[in-house]
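K.L.:
I am attaching a structure below and will ask some questions about it afterwards.
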Amino acid sequence: APTVSVMIDIHPEDPTNQHFQRAIDEWQEVYDRDEAACEARARGRGRERGRGRKRRRDDGEDVSDGENEATVEKDGGTNAAGRSLQTPVKNLQPQNKPGRSWDPYHPEILRSVWFYGYHGSLTEPPCSEFVHWRVADTPMLISAAQLNQLKTILFHHVDPSENCRRTSVQHGGSVARPVQHRAYRPVHRCTCRDYIGDDDRDWYGRNRCWEGEQRVFHPHWPDLSEHAVFDPSVYEAPFERP
């Protein structure tokens with residue numbers, strides 16, 4: 001199964017990636033809605049405990065159990081993380097926004113039509129080895145604030161349908177699965193010597209670039225070896241981007 005992957009890096013001048021922010025905003029809406037549902041459920045349990053259950057002592061007197069229970073959570077209080085439990089109503093229901101289409105091939109997302117390719121596996125269980133990875137050779141650039149927002153969404157999202165458990169499988173702020181050995185898989189690199197994008201073909205007048213002209217199409221990378229293939233017989237370390 002062919003799969004396109006785009007690396008992410010922080011822009012040196014730290015501007016916001018506007019097109020990618022549209023996707024982040026959608027994820028943030030789901031994050032806020034699910035967190036609000038879990039917080040509302042916690043408040044409901046607190047109110048149930050606060051009402052107390054009647055029980056009868058040995059001498060026959062009725063008493064209320066749990067009326068002053070310290071774990072009761074009031075509207076407008078805070079949870080264990082110190083965040084307000086008052087969640088805006090707009091986050092409780094999905095919004096019917098017009099024009100919610102999003103282009104994964106937008107120039108702010110996919111900055112290059114060339115890639116590194118190899119046969120690999122899924123990045124999560126069952127980790128089946130049927131993926132044809134195509135890793136774009138130029139990373140997408142985002143701001144530091146966007147990176148922090150992504151970390152919050154990915155690492156702290158809770159699922160109301162799973163007893164509000166966190167959905168992330170990350171460990172210590174990193175991926176749960178360690179970096180895998182290449183297992184002697186060849187890794188190739190496609191450049192303008194292999195093909196030229198549709199937008200440039202009419203301007204350039206050919207389907208691929210000539211020797212020595214790669215810099216016109218690959219301004220971001222110093223290594224422009226054509227048809228770069230790493231020989232597994234002499235290169236056994238995990239693949240790293242040049």
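Residues are named by chain letter and number: chains run A, B, ... in the order of the structure tokens, numbers start at 1 in each chain, and ligands are numbered from 1 in the order shown.
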Leu122 (chain A): which residues within 10 Å, counting only C-alpha atoms, same-chain residues fewer than 6 positions away excluded, as a PyMOL selection string?
P.N.:
chain A and resi 3+128-133
K.L.:
Save the residues we just selected, N, CA, C and O atoms, as a CSV table (one decimal), in the first residue's frame?
P.N.:
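Output file part-v4.csv follows:
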```csv
chain,number,residue,atom,x,y,z
A,3,THR,N,2.1,4.8,0.7
A,3,THR,CA,1.8,5.8,1.7
A,3,THR,C,2.8,7.0,1.7
A,3,THR,O,4.0,6.8,1.6
A,128,SER,N,2.3,-4.6,10.4
A,128,SER,CA,2.4,-5.5,9.2
A,128,SER,C,3.3,-4.8,8.1
A,128,SER,O,3.3,-3.6,7.9
A,129,GLU,N,4.1,-5.6,7.5
A,129,GLU,CA,5.1,-5.1,6.5
A,129,GLU,C,4.5,-5.2,5.1
A,129,GLU,O,4.8,-6.0,4.3
A,130,PHE,N,3.6,-4.2,4.8
A,130,PHE,CA,3.1,-4.2,3.4
A,130,PHE,C,3.0,-2.7,2.9
A,130,PHE,O,2.4,-2.4,1.9
A,131,VAL,N,3.7,-1.8,3.6
A,131,VAL,CA,3.6,-0.4,3.3
A,131,VAL,C,4.8,0.0,2.3
A,131,VAL,O,5.9,-0.3,2.6
A,132,HIS,N,4.5,0.7,1.3
A,132,HIS,CA,5.5,1.3,0.4
A,132,HIS,C,5.6,2.8,0.8
A,132,HIS,O,4.8,3.6,0.3
A,133,TRP,N,6.6,3.1,1.6
A,133,TRP,CA,6.7,4.4,2.1
A,133,TRP,C,7.3,5.4,1.1
A,133,TRP,O,8.3,5.0,0.4
```
K.L.:
When you draw a straight line from CA of Cys190 (chain A) to CA of Ile142 (chain A), how long is it in Å?
P.N.:
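Separation of CA of Cys190 (chain A) and CA of Ile142 (chain A): 24.6 Å.
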K.L.:
Would you mind reading off the distance between CA of His106 (chain A) and CA of Val135 (chain A), one decimal, in Å?
P.N.:
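Taking CA of His106 (chain A) and CA of Val135 (chain A), their separation equals 15.9 Å.
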K.L.:
How many Å separate CA of Ile24 (chain A) from CA of Lys151 (chain A)?
P.N.:
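Going from CA of Ile24 (chain A) over to CA of Lys151 (chain A), I get 10.9 Å.
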K.L.:
Determine the nearest neighbour of Asp9 (chain A) from the options A:Ser161, A:Leu147, A:Arg189, A:Tyr184, counting only C-alpha atoms.
P.N.:
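Among the listed residues, A:Leu147 lies closest to Asp9 (chain A).
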K.L.:
Restricting the calculation to only C-alpha atoms, which member of A:Ser101, A:Asn17, A:Ser121, A:Ser5 is positioned closest to Ala145 (chain A)?
P.N.:
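Using only C-alpha atoms, the shortest distance to Ala145 (chain A) belongs to A:Asn17.
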K.L.:
Nearest residue to Asp103 (chain A) out of A:Cys164, A:Ala23, A:Ala40, A:Val216, using only C-alpha atoms?
P.N.:
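Ranked by minimum distance to Asp103 (chain A), first place goes to A:Ala23.
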K.L.:
As a PyMOL selection string, please: all residues of region 98-174 of chain A that backbone DSSP puts in helix (DSSP H, G or I).
P.N.:
chain A and resi 144-156+160-162
K.L.:
Could you please take those selected residues and save C-alpha atoms as a tab-separated table (two decimals), in the first residue's frame?
P.N.:
```tsv
chain	number	residue	atom	x	y	z
A	144	ALA	CA	6.84	26.50	17.62
A	145	ALA	CA	3.34	27.37	18.87
A	146	GLN	CA	1.80	24.95	16.37
A	147	LEU	CA	4.17	22.20	17.51
A	148	ASN	CA	3.15	22.73	21.14
A	149	GLN	CA	-0.53	22.68	20.18
A	150	LEU	CA	-0.02	19.41	18.30
A	151	LYS	CA	1.71	17.84	21.30
A	152	THR	CA	-1.18	18.77	23.57
A	153	ILE	CA	-3.77	17.35	21.16
A	154	LEU	CA	-1.84	14.14	20.50
A	155	PHE	CA	-0.57	13.39	23.99
A	156	HIS	CA	-3.53	14.49	26.16
A	160	PRO	CA	-15.41	9.65	26.35
A	161	SER	CA	-16.42	6.26	24.92
A	162	GLU	CA	-13.47	4.56	26.65
```
